[in-house]
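S.K.: Once you've had a glance at the structure underneath, I'll fire off some questions.
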Protein chains: 2
Amino acid sequence: MKTSVISVLALSGLLWGCGPGSDGEPSAADTGAAQDPLLQQAQTLFSPIPDQAPERADHAMTPAKVELGKMLYFEPRLSASWLISCNTCHNLGLGGVDLMETSIGHGWQAGPRNAPTVLNSVYNLAQFWDGRAADLMEQAQGPVQAAVEMSSTPERTVETLRSIPAYVAMFGEAFPDDADPVTFANMARAIEAFEATLVTPNSPLDLYLGGNDAALTDDEKTGLALFMDSGCTACHGGILLGGSSYQRFGAVRNPGAELLPPEDRGRFNVTGDPNDEFAFKVPVLRNVELTAPYFHTGKVWGIEEAVGVMGEAQLGKEFTGVERAQIAAFLNSLTGEQPEVEYPVLPVHTADTPQPDPWLGVGAGTH
Amino acid sequence: MKTSVISVLALSGLLWGCGPGSDGEPSAADTGAAQDPLLQQAQTLFSPIPDQAPERADHAMTPAKVELGKMLYFEPRLSASWLISCNTCHNLGLGGVDLMETSIGHGWQAGPRNAPTVLNSVYNLAQFWDGRAADLMEQAQGPVQAAVEMSSTPERTVETLRSIPAYVAMFGEAFPDDADPVTFANMARAIEAFEATLVTPNSPLDLYLGGNDAALTDDEKTGLALFMDSGCTACHGGILLGGSSYQRFGAVRNPGAELLPPEDRGRFNVTGDPNDEFAFKVPVLRNVELTAPYFHTGKVWGIEEAVGVMGEAQLGKEFTGVERAQIAAFLNSLTGEQPEVEYPVLPVHTADTPQPDPWLGVGAGTH
């Protein structure tokens with residue numbers, strides 16, 4: 001599915017905050033179509049993607065910042081090797097992920113957890129599986145420095161960006177109030193601004209929530225009902241159908257060491273709180289059809305299998321094969337319009353640009 | 001530099017074949033502007049990029065083939081790991097190269113030679129540094145199979161493409177006369193069709209050749225004169241300023257083992273002809289500003305240094321520092337309008353798609 005990203009203002013006007021107790025103007029959803037109890041229940045539990053990302057002080061999204069952020073998102077020279085960009089692991093052609101169990105980065109090293117999608121990620125309550133970054137600006141600074149990802153440093157990154165006149169000019173336009181605009185933090189701010197544009201509106205579920213009864217098939221509606229009635233929405237509701245809480249994986253039953261290796265204690269590593277042991281940020285289900293393999297280990301490739309794991313581990317419930325297929329059918333209705341992105345032409349380096357160092361910390365056996 | 005890729009029909013009408021002896025209609029280039037001897041000499045030696053790629057039987061460029069080829073060009077699932085696409089080493093944001101000495105591919109292995117640019121490559125007399133592929137269709141089949149690049153096989157590639165319904169449909173549209181359109185050869189044909197669109201018209205040199213005297217600075221004109229008068233154009237002329245012949249690197253003086261390692265005998269490996277020992281396809285100079293590092297080893301980063309090497313090795317001539325800078329100034333006028341490409345949204349895999357195998361033939365030490 002790919003069409004022009006049209007404004008979702010109309011949808012948002014209808015639905016944003018239109019759960020029970022909404023006192024907005026009467027609308028199609030409130031009157032005719034909302035008589036359908038399935039639709040009414042769904043409108044209570046899910047929200048379409050707002051027409052604008054939330055604005056916060058110090059995180060204003062200006063066109064200059066978004067454009068710079070787009071270039072930096074595709075910029076492999078942010079990595080020590082000049083081979084790896086944000087888009088390597090969060091590929092905008094592949095649902096904002098890399099389709100790996102866990103990402104492969106600098107020196108072909110495997111990272112510790114599966115790469116979450118960048119799509120709609122601005123609506124997560126925090127970033128990374130363990131929520132250790134408060135927002136996308138904080139998040140964007142991690143992979144650039146991680147030895148198994150881009151393996152660079154803030155100093156090298158800033159030296160690189162300062163050596164390229166076109167970037168210096170763009171940082172100046174994006175951060176006009178800064179005396180010294182080319183900084184590691186501003187790099188991350190620009191990437192955050194671009195990432196905040198990467199939303200996927202108008203999935204079949206959203207069209208259904210907007211009153212288009214035909215947007216979901218009968219199978220998808222059965223799956224939707226099952227999804228809501230089985231308790232999945234306790235964690236997978238709201239805008240993202242996830243991303244709004246931390247939950248212990250294996251709340252009811254431990255899913256086993258392959259899916260929940262004892263050495264990765266999840267949110268506990270951030271908070272030190274024993275209640276957070278093996279808790280992870282609930283994964284977003286929007287575009288889940290595109291974002292296999294699943295779970296923080298990336299060990300499950302099939303959506304139906306993942307539904308089965310969740311039922312047992314989180315709900316103590318054994319879904320039948322038919323039920324798993326119906327829920328999976330519903331989940332496939334969460335694929336929205338993918339962002340349209342013109343591939344950026346990046347500015348040429350200069351003699352002052354630190355040269356690529358693909359063998360930094362890497363055994364030279366393959367060199 | 002980046003603007004809409006406008007038709008270069010007008011330019012081509014003026015200049016294509018307008019060297020001495022052209023019997024076309026009188027034009028600006030033939031009359032007023034062509035009185036300038038520098039311009040006249042340049043028009044004899046260089047040609048702008050034609051408005052259309054050369055059509056050959058069995059290589060027709062249809063929109064369906066180009067669109068499919070674009071997706072395949074960015075498709076990492078053509079590689080065993082699902083991490084490497086054509087665009088990894090021929091990055092359209094980076095002048096169609098990867099800015100590596102030699103490319104890094106599957107398992108972080110280094111390839112044997114520097115990646116040549118894909119831009120304008122349809123006009124090369126053959127592909128690869130040693131010309132071992134007759135055209136882009138043949139070329140595109142190499143990296144997919146090379147163990148140090150994408151490390152896949154024709155069988156796995158076809159199995160992958162056949163498992164994805166959207167690709168099956170697109171191959172059907174791109175190859176409507178084929179009973180069995182999803183083949184490895186057709187994959188390569190589609191990639192070739194897309195690559196043939198990757199041209200960079202309207203460089204300052206082209207504008208100058210078209211009669212715009214102000215398109216080159218005085219320094220660039222001095223460099224142009226020096227470039228022509230020193231004999232560089234014996235190999236670096238025509239449409240691409242290169243790409244039209246094989247030449248022995250070190251024709252006059254051996255540039256040394258770092259630049260010309262004795263174990264890589266170049267074109268000799270293809271023909272077995274002793275006359276071809278250490279001969280390589282002459283590199284294209286269009287967009288040379290963007291395509292460092294230089295030579296088949298990628299050992300030289302600066303254009304001025306590369307000019308110095310060429311002068312000594314090929315012409316037996318020691319350019320002064322000023323001359324090298326002037327020639328480099330001219331070479332930087334060869335940067336054309338870069339292709340505008342919308343980043344493709346790739347179709348989702350299915351349960352039948354062979355899963356990624358990033359550790360195929362790779363030591364699992366980093367796993």
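Scheme for the structure tokens: letters A, B, ... for chains in order shown; per-chain residue numbers from 1; ligand numbers from 1 in order shown.
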Counting only C-alpha atoms, which residues from chain A have an atom at most 8 Å from any atom of chain B, and could you show them as a count of residues only?
M.R.: 31
S.K.: Taking the chain letters and numbering used in this document, name the residues of segment 47-205 of chain A that DSSP puts in helix (DSSP H, G or I), as a PDB file with N, CA and C atoms, in the first residue's frame.
M.R.:
ATOM      1  N   PRO A  63      10.677  23.042   8.609  1.00  0.00           N
ATOM      2  CA  PRO A  63      11.078  22.395   7.358  1.00  0.00           C
ATOM      3  C   PRO A  63      12.598  22.270   7.226  1.00  0.00           C
ATOM      4  N   ALA A  64      13.331  23.284   7.665  1.00  0.00           N
ATOM      5  CA  ALA A  64      14.797  23.227   7.542  1.00  0.00           C
ATOM      6  C   ALA A  64      15.358  22.088   8.396  1.00  0.00           C
ATOM      7  N   LYS A  65      14.771  21.893   9.563  1.00  0.00           N
ATOM      8  CA  LYS A  65      15.254  20.832  10.445  1.00  0.00           C
ATOM      9  C   LYS A  65      14.891  19.452   9.887  1.00  0.00           C
ATOM     10  N   VAL A  66      13.681  19.357   9.362  1.00  0.00           N
ATOM     11  CA  VAL A  66      13.240  18.072   8.787  1.00  0.00           C
ATOM     12  C   VAL A  66      14.111  17.695   7.592  1.00  0.00           C
ATOM     13  N   GLU A  67      14.397  18.657   6.729  1.00  0.00           N
ATOM     14  CA  GLU A  67      15.191  18.370   5.537  1.00  0.00           C
ATOM     15  C   GLU A  67      16.613  17.956   5.928  1.00  0.00           C
ATOM     16  N   LEU A  68      17.198  18.684   6.866  1.00  0.00           N
ATOM     17  CA  LEU A  68      18.528  18.298   7.357  1.00  0.00           C
ATOM     18  C   LEU A  68      18.466  16.912   7.994  1.00  0.00           C
ATOM     19  N   GLY A  69      17.433  16.686   8.780  1.00  0.00           N
ATOM     20  CA  GLY A  69      17.292  15.389   9.446  1.00  0.00           C
ATOM     21  C   GLY A  69      17.174  14.247   8.460  1.00  0.00           C
ATOM     22  N   LYS A  70      16.511  14.498   7.362  1.00  0.00           N
ATOM     23  CA  LYS A  70      16.386  13.454   6.345  1.00  0.00           C
ATOM     24  C   LYS A  70      17.755  13.099   5.785  1.00  0.00           C
ATOM     25  N   MET A  71      18.563  14.104   5.510  1.00  0.00           N
ATOM     26  CA  MET A  71      19.898  13.823   4.974  1.00  0.00           C
ATOM     27  C   MET A  71      20.723  13.037   5.999  1.00  0.00           C
ATOM     28  N   LEU A  72      20.645  13.470   7.245  1.00  0.00           N
ATOM     29  CA  LEU A  72      21.432  12.790   8.283  1.00  0.00           C
ATOM     30  C   LEU A  72      20.941  11.355   8.496  1.00  0.00           C
ATOM     31  N   TYR A  73      19.641  11.153   8.309  1.00  0.00           N
ATOM     32  CA  TYR A  73      19.072   9.804   8.482  1.00  0.00           C
ATOM     33  C   TYR A  73      19.681   8.829   7.469  1.00  0.00           C
ATOM     34  N   PRO A  76      25.655   7.790   5.714  1.00  0.00           N
ATOM     35  CA  PRO A  76      26.530   6.747   6.269  1.00  0.00           C
ATOM     36  C   PRO A  76      27.816   7.302   6.876  1.00  0.00           C
ATOM     37  N   ARG A  77      28.144   8.567   6.554  1.00  0.00           N
ATOM     38  CA  ARG A  77      29.379   9.120   7.121  1.00  0.00           C
ATOM     39  C   ARG A  77      29.222   9.508   8.587  1.00  0.00           C
ATOM     40  N   LEU A  78      28.049   9.255   9.162  1.00  0.00           N
ATOM     41  CA  LEU A  78      27.931   9.354  10.622  1.00  0.00           C
ATOM     42  C   LEU A  78      28.533   8.122  11.297  1.00  0.00           C
ATOM     43  N   CYS A  86      21.312   5.499   9.699  1.00  0.00           N
ATOM     44  CA  CYS A  86      20.085   5.150  10.433  1.00  0.00           C
ATOM     45  C   CYS A  86      19.237   4.205   9.587  1.00  0.00           C
ATOM     46  N   ASN A  87      19.196   4.522   8.262  1.00  0.00           N
ATOM     47  CA  ASN A  87      18.337   3.762   7.363  1.00  0.00           C
ATOM     48  C   ASN A  87      18.802   2.315   7.166  1.00  0.00           C
ATOM     49  N   THR A  88      20.031   2.002   7.525  1.00  0.00           N
ATOM     50  CA  THR A  88      20.507   0.627   7.378  1.00  0.00           C
ATOM     51  C   THR A  88      19.655  -0.316   8.237  1.00  0.00           C
ATOM     52  N   CYS A  89      19.431   0.056   9.476  1.00  0.00           N
ATOM     53  CA  CYS A  89      18.670  -0.808  10.382  1.00  0.00           C
ATOM     54  C   CYS A  89      17.207  -0.410  10.469  1.00  0.00           C
ATOM     55  N   HIS A 106      28.577  -2.369  12.654  1.00  0.00           N
ATOM     56  CA  HIS A 106      30.010  -2.219  12.401  1.00  0.00           C
ATOM     57  C   HIS A 106      30.752  -3.550  12.551  1.00  0.00           C
ATOM     58  N   GLY A 107      31.538  -3.882  11.558  1.00  0.00           N
ATOM     59  CA  GLY A 107      32.324  -5.114  11.611  1.00  0.00           C
ATOM     60  C   GLY A 107      31.481  -6.371  11.528  1.00  0.00           C
ATOM     61  N   TRP A 108      30.238  -6.221  11.051  1.00  0.00           N
ATOM     62  CA  TRP A 108      29.309  -7.368  10.945  1.00  0.00           C
ATOM     63  C   TRP A 108      29.012  -7.976  12.319  1.00  0.00           C
ATOM     64  N   SER A 121       7.238   6.137  15.524  1.00  0.00           N
ATOM     65  CA  SER A 121       7.912   5.966  16.813  1.00  0.00           C
ATOM     66  C   SER A 121       7.858   7.219  17.673  1.00  0.00           C
ATOM     67  N   VAL A 122       7.535   8.358  17.077  1.00  0.00           N
ATOM     68  CA  VAL A 122       7.427   9.584  17.870  1.00  0.00           C
ATOM     69  C   VAL A 122       6.336   9.450  18.934  1.00  0.00           C
ATOM     70  N   TYR A 123       5.418   8.508  18.760  1.00  0.00           N
ATOM     71  CA  TYR A 123       4.329   8.346  19.729  1.00  0.00           C
ATOM     72  C   TYR A 123       4.646   7.339  20.828  1.00  0.00           C
ATOM     73  N   LEU A 136      13.134  10.646  20.781  1.00  0.00           N
ATOM     74  CA  LEU A 136      13.909  10.288  19.594  1.00  0.00           C
ATOM     75  C   LEU A 136      15.225  11.041  19.534  1.00  0.00           C
ATOM     76  N   MET A 137      15.268  12.234  20.084  1.00  0.00           N
ATOM     77  CA  MET A 137      16.518  12.984  20.086  1.00  0.00           C
ATOM     78  C   MET A 137      17.569  12.254  20.916  1.00  0.00           C
ATOM     79  N   GLU A 138      17.155  11.755  22.054  1.00  0.00           N
ATOM     80  CA  GLU A 138      18.084  10.981  22.885  1.00  0.00           C
ATOM     81  C   GLU A 138      18.437   9.670  22.186  1.00  0.00           C
ATOM     82  N   GLN A 139      17.429   9.054  21.610  1.00  0.00           N
ATOM     83  CA  GLN A 139      17.644   7.766  20.936  1.00  0.00           C
ATOM     84  C   GLN A 139      18.687   7.882  19.829  1.00  0.00           C
ATOM     85  N   ALA A 140      18.561   8.928  19.026  1.00  0.00           N
ATOM     86  CA  ALA A 140      19.414   9.051  17.838  1.00  0.00           C
ATOM     87  C   ALA A 140      20.895   9.132  18.181  1.00  0.00           C
ATOM     88  N   GLN A 141      21.207   9.479  19.417  1.00  0.00           N
ATOM     89  CA  GLN A 141      22.610   9.588  19.805  1.00  0.00           C
ATOM     90  C   GLN A 141      23.226   8.236  20.161  1.00  0.00           C
ATOM     91  N   GLY A 142      22.362   7.242  20.382  1.00  0.00           N
ATOM     92  CA  GLY A 142      22.860   5.933  20.810  1.00  0.00           C
ATOM     93  C   GLY A 142      23.578   5.161  19.718  1.00  0.00           C
ATOM     94  N   PRO A 143      22.874   4.815  18.639  1.00  0.00           N
ATOM     95  CA  PRO A 143      23.490   3.966  17.612  1.00  0.00           C
ATOM     96  C   PRO A 143      24.745   4.572  16.987  1.00  0.00           C
ATOM     97  N   VAL A 144      24.805   5.894  16.904  1.00  0.00           N
ATOM     98  CA  VAL A 144      25.995   6.514  16.307  1.00  0.00           C
ATOM     99  C   VAL A 144      27.243   6.121  17.108  1.00  0.00           C
ATOM    100  N   GLN A 145      27.072   5.964  18.416  1.00  0.00           N
ATOM    101  CA  GLN A 145      28.217   5.690  19.280  1.00  0.00           C
ATOM    102  C   GLN A 145      28.409   4.212  19.617  1.00  0.00           C
ATOM    103  N   PRO A 154      30.831  11.330  19.320  1.00  0.00           N
ATOM    104  CA  PRO A 154      30.306  12.683  19.090  1.00  0.00           C
ATOM    105  C   PRO A 154      31.360  13.595  18.470  1.00  0.00           C
ATOM    106  N   GLU A 155      32.619  13.479  18.921  1.00  0.00           N
ATOM    107  CA  GLU A 155      33.679  14.356  18.408  1.00  0.00           C
ATOM    108  C   GLU A 155      33.890  14.119  16.913  1.00  0.00           C
ATOM    109  N   ARG A 156      34.017  12.855  16.539  1.00  0.00           N
ATOM    110  CA  ARG A 156      34.246  12.536  15.138  1.00  0.00           C
ATOM    111  C   ARG A 156      33.051  12.958  14.280  1.00  0.00           C
ATOM    112  N   THR A 157      31.852  12.762  14.811  1.00  0.00           N
ATOM    113  CA  THR A 157      30.645  13.132  14.071  1.00  0.00           C
ATOM    114  C   THR A 157      30.617  14.632  13.804  1.00  0.00           C
ATOM    115  N   VAL A 158      30.885  15.404  14.841  1.00  0.00           N
ATOM    116  CA  VAL A 158      30.855  16.864  14.689  1.00  0.00           C
ATOM    117  C   VAL A 158      31.975  17.308  13.753  1.00  0.00           C
ATOM    118  N   GLU A 159      33.147  16.706  13.880  1.00  0.00           N
ATOM    119  CA  GLU A 159      34.256  17.046  12.981  1.00  0.00           C
ATOM    120  C   GLU A 159      33.861  16.759  11.526  1.00  0.00           C
ATOM    121  N   THR A 160      33.192  15.645  11.322  1.00  0.00           N
ATOM    122  CA  THR A 160      32.731  15.281   9.979  1.00  0.00           C
ATOM    123  C   THR A 160      31.752  16.317   9.444  1.00  0.00           C
ATOM    124  N   LEU A 161      30.747  16.633  10.238  1.00  0.00           N
ATOM    125  CA  LEU A 161      29.713  17.561   9.768  1.00  0.00           C
ATOM    126  C   LEU A 161      30.293  18.961   9.540  1.00  0.00           C
ATOM    127  N   ARG A 162      31.210  19.388  10.403  1.00  0.00           N
ATOM    128  CA  ARG A 162      31.811  20.726  10.258  1.00  0.00           C
ATOM    129  C   ARG A 162      32.711  20.813   9.035  1.00  0.00           C
ATOM    130  N   PRO A 165      30.839  21.951   3.987  1.00  0.00           N
ATOM    131  CA  PRO A 165      30.201  23.276   4.011  1.00  0.00           C
ATOM    132  C   PRO A 165      28.679  23.225   3.866  1.00  0.00           C
ATOM    133  N   ALA A 166      28.168  22.330   3.043  1.00  0.00           N
ATOM    134  CA  ALA A 166      26.710  22.297   2.855  1.00  0.00           C
ATOM    135  C   ALA A 166      26.007  21.941   4.165  1.00  0.00           C
ATOM    136  N   TYR A 167      26.601  21.074   4.956  1.00  0.00           N
ATOM    137  CA  TYR A 167      25.999  20.745   6.250  1.00  0.00           C
ATOM    138  C   TYR A 167      26.075  21.935   7.216  1.00  0.00           C
ATOM    139  N   VAL A 168      27.206  22.614   7.207  1.00  0.00           N
ATOM    140  CA  VAL A 168      27.330  23.783   8.093  1.00  0.00           C
ATOM    141  C   VAL A 168      26.217  24.782   7.776  1.00  0.00           C
ATOM    142  N   ALA A 169      25.974  25.014   6.488  1.00  0.00           N
ATOM    143  CA  ALA A 169      24.911  25.949   6.096  1.00  0.00           C
ATOM    144  C   ALA A 169      23.541  25.435   6.532  1.00  0.00           C
ATOM    145  N   MET A 170      23.300  24.150   6.352  1.00  0.00           N
ATOM    146  CA  MET A 170      21.988  23.599   6.705  1.00  0.00           C
ATOM    147  C   MET A 170      21.755  23.614   8.216  1.00  0.00           C
ATOM    148  N   PHE A 171      22.785  23.331   8.992  1.00  0.00           N
ATOM    149  CA  PHE A 171      22.634  23.431  10.451  1.00  0.00           C
ATOM    150  C   PHE A 171      22.317  24.873  10.844  1.00  0.00           C
ATOM    151  N   GLY A 172      22.957  25.817  10.162  1.00  0.00           N
ATOM    152  CA  GLY A 172      22.683  27.221  10.454  1.00  0.00           C
ATOM    153  C   GLY A 172      21.226  27.577  10.197  1.00  0.00           C
ATOM    154  N   GLU A 173      20.676  27.042   9.096  1.00  0.00           N
ATOM    155  CA  GLU A 173      19.271  27.320   8.785  1.00  0.00           C
ATOM    156  C   GLU A 173      18.321  26.580   9.731  1.00  0.00           C
ATOM    157  N   ALA A 174      18.729  25.396  10.136  1.00  0.00           N
ATOM    158  CA  ALA A 174      17.847  24.602  10.998  1.00  0.00           C
ATOM    159  C   ALA A 174      17.860  25.098  12.444  1.00  0.00           C
ATOM    160  N   PHE A 184      26.502  17.735  18.208  1.00  0.00           N
ATOM    161  CA  PHE A 184      25.978  16.367  18.231  1.00  0.00           C
ATOM    162  C   PHE A 184      24.505  16.388  18.640  1.00  0.00           C
ATOM    163  N   ALA A 185      24.167  17.237  19.610  1.00  0.00           N
ATOM    164  CA  ALA A 185      22.767  17.320  20.050  1.00  0.00           C
ATOM    165  C   ALA A 185      21.875  17.830  18.923  1.00  0.00           C
ATOM    166  N   ASN A 186      22.351  18.813  18.168  1.00  0.00           N
ATOM    167  CA  ASN A 186      21.526  19.315  17.062  1.00  0.00           C
ATOM    168  C   ASN A 186      21.407  18.293  15.940  1.00  0.00           C
ATOM    169  N   MET A 187      22.448  17.514  15.718  1.00  0.00           N
ATOM    170  CA  MET A 187      22.318  16.399  14.769  1.00  0.00           C
ATOM    171  C   MET A 187      21.136  15.528  15.182  1.00  0.00           C
ATOM    172  N   ALA A 188      21.095  15.190  16.462  1.00  0.00           N
ATOM    173  CA  ALA A 188      20.032  14.322  16.957  1.00  0.00           C
ATOM    174  C   ALA A 188      18.678  15.021  16.883  1.00  0.00           C
ATOM    175  N   ARG A 189      18.643  16.333  17.140  1.00  0.00           N
ATOM    176  CA  ARG A 189      17.375  17.072  17.042  1.00  0.00           C
ATOM    177  C   ARG A 189      16.844  17.042  15.612  1.00  0.00           C
ATOM    178  N   ALA A 190      17.742  17.199  14.647  1.00  0.00           N
ATOM    179  CA  ALA A 190      17.300  17.201  13.245  1.00  0.00           C
ATOM    180  C   ALA A 190      16.788  15.813  12.851  1.00  0.00           C
ATOM    181  N   ILE A 191      17.496  14.778  13.260  1.00  0.00           N
ATOM    182  CA  ILE A 191      17.041  13.416  12.950  1.00  0.00           C
ATOM    183  C   ILE A 191      15.681  13.171  13.598  1.00  0.00           C
ATOM    184  N   GLU A 192      15.528  13.617  14.822  1.00  0.00           N
ATOM    185  CA  GLU A 192      14.230  13.472  15.496  1.00  0.00           C
ATOM    186  C   GLU A 192      13.116  14.162  14.700  1.00  0.00           C
ATOM    187  N   ALA A 193      13.409  15.370  14.209  1.00  0.00           N
ATOM    188  CA  ALA A 193      12.380  16.114  13.466  1.00  0.00           C
ATOM    189  C   ALA A 193      11.968  15.355  12.213  1.00  0.00           C
ATOM    190  N   PHE A 194      12.942  14.782  11.503  1.00  0.00           N
ATOM    191  CA  PHE A 194      12.594  13.978  10.322  1.00  0.00           C
ATOM    192  C   PHE A 194      11.809  12.740  10.734  1.00  0.00           C
ATOM    193  N   GLU A 195      12.283  12.060  11.761  1.00  0.00           N
ATOM    194  CA  GLU A 195      11.621  10.820  12.173  1.00  0.00           C
ATOM    195  C   GLU A 195      10.172  11.072  12.598  1.00  0.00           C
ATOM    196  N   PRO A 204      -6.298   0.207   7.026  1.00  0.00           N
ATOM    197  CA  PRO A 204      -7.694  -0.253   7.024  1.00  0.00           C
ATOM    198  C   PRO A 204      -8.378  -0.070   8.386  1.00  0.00           C
ATOM    199  N   LEU A 205      -7.660  -0.331   9.486  1.00  0.00           N
ATOM    200  CA  LEU A 205      -8.291  -0.117  10.794  1.00  0.00           C
ATOM    201  C   LEU A 205      -8.708   1.342  10.956  1.00  0.00           C
TER     202      LEU A 205
END
S.K.: Using only C-alpha atoms, find the one residue out of A:Ala306, A:Ala251, A:Ala329, A:Val284 that sits nearest to Thr117 of chain A.
M.R.: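 Looking only at the distances to Thr117 of chain A, the closest residue turns out to be A:Val284.
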S.K.: Kindly provide the residues of segment 53-141 of chain B that approach segment 244-249 of chain B to within 8 Å, each paired with its closest atom pair and their distance in Å to one decimal, based on only C-alpha atoms, listed by chain and increasing number, as JSON lines.
M.R.:
{"residue": "B:Asn124", "atom": "CA", "partner": "B:Ser244", "partner_atom": "CA", "distance": 5.9}
{"residue": "B:Leu125", "atom": "CA", "partner": "B:Ser244", "partner_atom": "CA", "distance": 5.1}
{"residue": "B:Asp130", "atom": "CA", "partner": "B:Tyr246", "partner_atom": "CA", "distance": 8.0}
S.K.: Using only C-alpha atoms, can you tell me which of B:Pro201, B:Val118, B:Ala80, B:Glu149 comes closest to Pro50 of chain B?
M.R.: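 Looking only at the distances to Pro50 of chain B, the closest residue turns out to be B:Pro201.
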S.K.: As an exercise, work out the distance from atom CA of Asp352 of chain A to atom CA of Ser163 of chain A in Å and give it to one decimal place.
M.R.: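 Going from atom CA of Asp352 of chain A over to atom CA of Ser163 of chain A, I get 5.4 Å.
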S.K.: Any idea what's packed within 10 Å of Leu315 of chain B, counting only C-alpha atoms, ignoring anything in its chain fewer than 4 positions away? Could you give it as a list in words?
M.R.: Ser230, Gly231, Cys232, Gly250, Ala251, Val252, Arg253, Val309, Met310 and Gly311 of chain B
S.K.: Save out the residues we just selected, all heavy atoms, as a short mmCIF file (atom, residue, chain, number, x, y, z; two decimals), in the first residue's frame.
M.R.:
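Saved as out-v3.cif:
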data_model
loop_
_atom_site.label_atom_id
_atom_site.label_comp_id
_atom_site.auth_asym_id
_atom_site.auth_seq_id
_atom_site.Cartn_x
_atom_site.Cartn_y
_atom_site.Cartn_z
N SER B 230 47.58 18.57 -22.57
CA SER B 230 48.56 17.64 -22.00
C SER B 230 48.36 16.21 -22.50
O SER B 230 49.17 15.34 -22.21
CB SER B 230 48.44 17.64 -20.47
OG SER B 230 48.57 18.94 -19.97
N GLY B 231 47.25 15.97 -23.19
CA GLY B 231 47.03 14.63 -23.71
C GLY B 231 46.08 13.79 -22.87
O GLY B 231 45.84 12.62 -23.19
N CYS B 232 45.50 14.36 -21.81
CA CYS B 232 44.57 13.58 -20.98
C CYS B 232 43.41 13.06 -21.80
O CYS B 232 42.87 11.97 -21.55
CB CYS B 232 44.03 14.44 -19.83
SG CYS B 232 45.30 15.24 -18.83
N GLY B 250 50.26 2.75 -15.79
CA GLY B 250 51.72 2.78 -15.79
C GLY B 250 52.26 2.64 -17.20
O GLY B 250 53.30 2.02 -17.41
N ALA B 251 51.56 3.20 -18.16
CA ALA B 251 52.00 3.10 -19.55
C ALA B 251 53.40 3.66 -19.72
O ALA B 251 54.22 3.12 -20.47
CB ALA B 251 51.02 3.86 -20.46
N VAL B 252 53.71 4.74 -19.00
CA VAL B 252 55.03 5.36 -19.10
C VAL B 252 55.89 4.98 -17.89
O VAL B 252 57.06 4.64 -18.03
CB VAL B 252 54.90 6.89 -19.20
CG1 VAL B 252 56.29 7.54 -19.22
CG2 VAL B 252 54.10 7.28 -20.44
N ARG B 253 55.28 5.05 -16.70
CA ARG B 253 56.05 4.78 -15.48
C ARG B 253 55.18 4.01 -14.51
O ARG B 253 54.02 4.40 -14.28
CB ARG B 253 56.49 6.13 -14.87
CG ARG B 253 57.65 6.02 -13.91
CD ARG B 253 58.05 7.42 -13.39
NE ARG B 253 58.38 8.35 -14.48
CZ ARG B 253 58.42 9.68 -14.35
NH1 ARG B 253 58.12 10.25 -13.18
NH2 ARG B 253 58.73 10.46 -15.36
N VAL B 309 49.46 11.60 -10.14
CA VAL B 309 49.77 10.19 -10.44
C VAL B 309 49.57 9.91 -11.92
O VAL B 309 50.41 9.29 -12.58
CB VAL B 309 48.86 9.26 -9.59
CG1 VAL B 309 48.96 7.82 -10.10
CG2 VAL B 309 49.23 9.34 -8.11
N MET B 310 48.45 10.37 -12.46
CA MET B 310 48.15 10.12 -13.87
C MET B 310 49.19 10.76 -14.78
O MET B 310 49.64 10.15 -15.75
CB MET B 310 46.76 10.69 -14.22
CG MET B 310 45.61 9.81 -13.83
SD MET B 310 45.35 8.43 -14.99
CE MET B 310 46.13 7.12 -14.08
N GLY B 311 49.54 12.02 -14.46
CA GLY B 311 50.53 12.71 -15.29
C GLY B 311 51.81 11.89 -15.38
O GLY B 311 52.33 11.64 -16.48
#
S.K.: I need the residues in segment 101-270 of chain B that are strand (DSSP E or B) according to DSSP; give them as a list of chain:residue names.
M.R.: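 These are the residues in question: B:Ile104, B:Gly105, B:Gln109, B:Ala110, B:Gln127, B:Ala133, B:Gly238, B:Tyr246, B:Gln247, B:Arg248, B:Gly266.
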S.K.: Just how far from atom CA of Ala257 of chain A is atom CA of Asn269 of chain A, in Å to one decimal?
M.R.: 18.0 Å
S.K.: Atom CA of Ile327 of chain B and atom CA of Thr44 of chain B, how far apart in Å?
M.R.: 18.6 Å
